[in-house]
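> I'd like to ask you about the structure that follows.
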Amino acid sequence: MKQKRLIILTLLMSAICLASYAQGRRVAPKIAKSAFGIKAGLNVSSISNGSDINFSPGMKADFMLGVVANFHFGQRDEGSPAGTGWFGLQPELLYSRQGFAFDGEAISFDYIALPVMAKLYVTKEFNIEAGPRFAYMLGASPATAMIEGTEIPISEMEGGIDIGASIGAEYEMQMGLTLGARYTIGLTDMANNVKWKNNVISLSIGWLF
């Protein structure tokens, strides 16, 4: 477990260093503006069950945190500042803890996730977003779970690759504060032998520098 935490911290610190380096090499001012920051928030998650085991998974509340890079392109109209246009792009590196509940027990999955969100700025501050999310499962707990009389080896799902699609909205205040809401649906099974797909609602708060 200590090794997993070290990997997470190393990835997050690397992303922060890359963001700091990139901030010093901004895109040409007449094309776009870039900002880098942090975000954290609440995950409310469950799974879609496509397995032969007939059960209804419940919702589980947990957290996410990470770093973001925000690129806002173009001009909204002639004479407006650069980086106030209609389109943007926001890649993120997140530690996301999610899962589901069943029969009073919480099943947890720890992911390192890379969402890449395309943004449409309805106003200078409010945008709607959509894009793919790629994630790697760092860990899963408990080791096993008894579901409808079947023992599921939860820990063996560790190392699974999850590909999903996200859609959401975010409000970016000029001072740097961001407020966001996002829904992510899994497009791939969480493991080869377990036909479960992730479903996650995320509420976040962040700061762009």
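So you can find residues: chains in the structure tokens are A, B, ... in the order shown, residues in each start at 1, and ligands are numbered from 1 in order.
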Can you list, as JSON, numbers by chain, every protein, DNA or RNA residue that comes within 10 Å of Gly159 (chain A) when you count only C-alpha atoms, leaving out same-chain residues fewer than 4 positions away?
{"A": [111, 135, 136, 137, 138, 139, 140, 155, 190, 191]}
> Emit the selected residues as an mmCIF file, in the first residue's frame, including C-alpha atoms.

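Here's the written file out.cif:
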data_model
loop_
_atom_site.group_PDB
_atom_site.id
_atom_site.type_symbol
_atom_site.label_atom_id
_atom_site.label_comp_id
_atom_site.auth_asym_id
_atom_site.auth_seq_id
_atom_site.Cartn_x
_atom_site.Cartn_y
_atom_site.Cartn_z
ATOM 1 C CA TYR A 111 -7.817 4.855 -10.042
ATOM 2 C CA ALA A 135 -7.892 5.208 -16.103
ATOM 3 C CA TYR A 136 -5.706 2.557 -14.480
ATOM 4 C CA MET A 137 -6.878 0.726 -11.357
ATOM 5 C CA LEU A 138 -4.223 1.058 -8.656
ATOM 6 C CA GLY A 139 -6.064 -0.998 -6.065
ATOM 7 C CA ALA A 140 -9.369 -2.532 -5.024
ATOM 8 C CA SER A 155 -8.438 -7.544 -5.337
ATOM 9 C CA MET A 190 -13.455 -3.185 -15.367
ATOM 10 C CA ALA A 191 -11.780 -6.613 -15.628
#
> Quick one: contact table of region 70-130 of chain A to region 163-185 of chain A, 10 Å max, nearest atom pair and distance in Å to one decimal per residue, counting only C-alpha atoms, chain and number order, as CSV?

residue,atom,partner,partner_atom,distance
A:Ala113,CA,A:Ile163,CA,9.5
A:Leu114,CA,A:Ile163,CA,9.7
A:Pro115,CA,A:Ser166,CA,7.9
A:Val116,CA,A:Ser166,CA,9.0
A:Met117,CA,A:Ser166,CA,7.8
A:Ala118,CA,A:Ile167,CA,9.5
A:Lys119,CA,A:Ala169,CA,8.7
A:Leu120,CA,A:Ala169,CA,9.3
A:Tyr121,CA,A:Glu170,CA,9.4
A:Thr123,CA,A:Tyr171,CA,9.4
A:Lys124,CA,A:Glu172,CA,8.3
A:Glu125,CA,A:Glu172,CA,4.9
A:Phe126,CA,A:Tyr171,CA,4.5
A:Asn127,CA,A:Glu170,CA,5.5
A:Ile128,CA,A:Ala169,CA,4.2
A:Glu129,CA,A:Gly168,CA,5.2
A:Ala130,CA,A:Ile167,CA,4.3
> If you keep C-alpha atoms, can you produce a file of those selected residues as a PDB file, in the first residue's frame?

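Result went into selection.pdb, see below:
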ATOM      1  CA  ALA A 113      -7.249   8.828 -14.321  1.00  0.00           C
ATOM      2  CA  LEU A 114      -6.544  11.004 -17.351  1.00  0.00           C
ATOM      3  CA  PRO A 115      -9.631  12.836 -18.651  1.00  0.00           C
ATOM      4  CA  VAL A 116      -9.176  15.021 -21.758  1.00  0.00           C
ATOM      5  CA  MET A 117     -12.083  17.448 -21.979  1.00  0.00           C
ATOM      6  CA  ALA A 118     -13.041  19.559 -24.997  1.00  0.00           C
ATOM      7  CA  LYS A 119     -14.834  22.720 -23.882  1.00  0.00           C
ATOM      8  CA  LEU A 120     -17.450  24.949 -25.455  1.00  0.00           C
ATOM      9  CA  TYR A 121     -17.549  28.340 -23.722  1.00  0.00           C
ATOM     10  CA  THR A 123     -19.978  32.619 -21.965  1.00  0.00           C
ATOM     11  CA  LYS A 124     -16.485  33.782 -21.062  1.00  0.00           C
ATOM     12  CA  GLU A 125     -16.774  31.959 -17.743  1.00  0.00           C
ATOM     13  CA  PHE A 126     -19.301  29.137 -18.215  1.00  0.00           C
ATOM     14  CA  ASN A 127     -18.554  26.126 -20.398  1.00  0.00           C
ATOM     15  CA  ILE A 128     -19.927  22.708 -21.212  1.00  0.00           C
ATOM     16  CA  GLU A 129     -17.418  19.895 -21.717  1.00  0.00           C
ATOM     17  CA  ALA A 130     -17.106  16.389 -23.104  1.00  0.00           C
TER      18      ALA A 130
END
> Measuring between only C-alpha atoms, which one of A:Ser96, A:Thr84, A:Thr144, A:Asn54 shows the shortest distance to Lys39 (chain A)?
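For Lys39 (chain A), the nearest of the given residues is A:Ser96.
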> Counting only C-alpha atoms, which residue out of A:Ser108, A:Asn198, A:Gln98, A:Ser46 sits closest to Phe63 (chain A)?
A:Gln98
> Residues within 10 Å of Lys60 (chain A), please, as a ChimeraX atom specification. Count only C-alpha atoms; anything in the same chain fewer than 3 positions from it doesn't count.
/A:43-47,57,97-102,105-108,200
> Write the residues of the selection above to a file with N, CA and C atoms, as a PDB file, in the first residue's frame.

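So the final result, stored in selection.pdb, reads:
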ATOM      1  N   ASN A  43     -16.916  12.252  -5.394  1.00  0.00           N
ATOM      2  CA  ASN A  43     -17.404  11.240  -6.330  1.00  0.00           C
ATOM      3  C   ASN A  43     -18.608  10.525  -5.727  1.00  0.00           C
ATOM      4  N   VAL A  44     -19.681  10.428  -6.485  1.00  0.00           N
ATOM      5  CA  VAL A  44     -20.815   9.568  -6.125  1.00  0.00           C
ATOM      6  C   VAL A  44     -20.906   8.533  -7.232  1.00  0.00           C
ATOM      7  N   SER A  45     -20.576   7.287  -6.896  1.00  0.00           N
ATOM      8  CA  SER A  45     -20.358   6.299  -7.948  1.00  0.00           C
ATOM      9  C   SER A  45     -21.139   5.018  -7.720  1.00  0.00           C
ATOM     10  N   SER A  46     -21.267   4.256  -8.807  1.00  0.00           N
ATOM     11  CA  SER A  46     -21.827   2.913  -8.767  1.00  0.00           C
ATOM     12  C   SER A  46     -21.306   2.179  -9.996  1.00  0.00           C
ATOM     13  N   ILE A  47     -21.904   1.055 -10.324  1.00  0.00           N
ATOM     14  CA  ILE A  47     -21.505   0.301 -11.511  1.00  0.00           C
ATOM     15  C   ILE A  47     -22.742  -0.147 -12.275  1.00  0.00           C
ATOM     16  N   PRO A  57     -26.407  -2.920  -7.534  1.00  0.00           N
ATOM     17  CA  PRO A  57     -25.410  -2.158  -6.775  1.00  0.00           C
ATOM     18  C   PRO A  57     -25.941  -0.791  -6.372  1.00  0.00           C
ATOM     19  N   ARG A  97     -11.150   7.953  -6.356  1.00  0.00           N
ATOM     20  CA  ARG A  97     -11.572   6.818  -5.532  1.00  0.00           C
ATOM     21  C   ARG A  97     -13.079   6.651  -5.722  1.00  0.00           C
ATOM     22  N   GLN A  98     -13.481   5.493  -6.175  1.00  0.00           N
ATOM     23  CA  GLN A  98     -14.880   5.257  -6.513  1.00  0.00           C
ATOM     24  C   GLN A  98     -15.258   3.813  -6.186  1.00  0.00           C
ATOM     25  N   GLY A  99     -16.417   3.361  -6.628  1.00  0.00           N
ATOM     26  CA  GLY A  99     -16.856   2.006  -6.335  1.00  0.00           C
ATOM     27  C   GLY A  99     -18.365   1.915  -6.255  1.00  0.00           C
ATOM     28  N   PHE A 100     -18.863   1.042  -5.353  1.00  0.00           N
ATOM     29  CA  PHE A 100     -20.305   0.910  -5.175  1.00  0.00           C
ATOM     30  C   PHE A 100     -20.570   0.295  -3.806  1.00  0.00           C
ATOM     31  N   ALA A 101     -21.834   0.287  -3.426  1.00  0.00           N
ATOM     32  CA  ALA A 101     -22.239  -0.302  -2.150  1.00  0.00           C
ATOM     33  C   ALA A 101     -23.187  -1.455  -2.410  1.00  0.00           C
ATOM     34  N   PHE A 102     -23.078  -2.489  -1.559  1.00  0.00           N
ATOM     35  CA  PHE A 102     -23.992  -3.622  -1.672  1.00  0.00           C
ATOM     36  C   PHE A 102     -24.117  -4.294  -0.319  1.00  0.00           C
ATOM     37  N   GLU A 105     -22.065  -3.057   2.569  1.00  0.00           N
ATOM     38  CA  GLU A 105     -20.610  -3.064   2.426  1.00  0.00           C
ATOM     39  C   GLU A 105     -20.196  -2.170   1.272  1.00  0.00           C
ATOM     40  N   ALA A 106     -19.078  -1.437   1.465  1.00  0.00           N
ATOM     41  CA  ALA A 106     -18.560  -0.568   0.419  1.00  0.00           C
ATOM     42  C   ALA A 106     -17.458  -1.289  -0.343  1.00  0.00           C
ATOM     43  N   ILE A 107     -17.577  -1.319  -1.660  1.00  0.00           N
ATOM     44  CA  ILE A 107     -16.549  -1.867  -2.540  1.00  0.00           C
ATOM     45  C   ILE A 107     -15.818  -0.680  -3.159  1.00  0.00           C
ATOM     46  N   SER A 108     -14.503  -0.615  -2.986  1.00  0.00           N
ATOM     47  CA  SER A 108     -13.748   0.572  -3.398  1.00  0.00           C
ATOM     48  C   SER A 108     -12.735   0.238  -4.489  1.00  0.00           C
ATOM     49  N   VAL A 200     -19.907   7.327 -12.637  1.00  0.00           N
ATOM     50  CA  VAL A 200     -19.430   8.259 -11.618  1.00  0.00           C
ATOM     51  C   VAL A 200     -19.994   9.657 -11.860  1.00  0.00           C
TER      52      VAL A 200
END
> Taking only region 87-197 of chain A into account, list the residues labelled strand (DSSP E or B) by DSSP (computed from the backbone), as an NGL selection string.
:A and (87-102 or 105-121 or 126-141 or 145-147 or 150-152 or 161-172 or 177-186 or 191 or 194 or 196-197)
> Enter the distance from CA of Trp86 (chain A) to CA of Met64 (chain A), in Å, rounded to one decimal.
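About the pair CA of Trp86 (chain A) and CA of Met64 (chain A): they are 27.9 Å apart.
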> Report as a VMD selection string all protein, DNA and RNA residues lying within 10 Å of Gly50 (chain A), evaluated on only C-alpha atoms, omitting residues in the same chain fewer than 6 positions from it.
chain A and resid 189 194 to 197
> Would you mind exporting C-alpha atoms of the selected residues as an mmCIF file, in the first residue's frame?

data_model
loop_
_atom_site.group_PDB
_atom_site.id
_atom_site.type_symbol
_atom_site.label_atom_id
_atom_site.label_comp_id
_atom_site.auth_asym_id
_atom_site.auth_seq_id
_atom_site.Cartn_x
_atom_site.Cartn_y
_atom_site.Cartn_z
ATOM 1 C CA ASP A 189 -15.457 -3.840 -18.528
ATOM 2 C CA VAL A 194 -16.000 -9.233 -14.320
ATOM 3 C CA LYS A 195 -18.514 -7.504 -16.580
ATOM 4 C CA TRP A 196 -18.957 -4.338 -14.560
ATOM 5 C CA LYS A 197 -18.731 -0.800 -15.891
#
> Do a neighbour search on Ile147 (chain A) at 9 Å with only C-alpha atoms, toss out local chain neighbours closer than 2 positions, and write the hits as number ranges by chain.
A: 53-55, 102-103, 145, 149-152
> Mind listing the helix (DSSP H, G or I) residues of region 78-194 of chain A, per DSSP on the backbone, as a PyMOL selection string?
chain A and resi 154-157
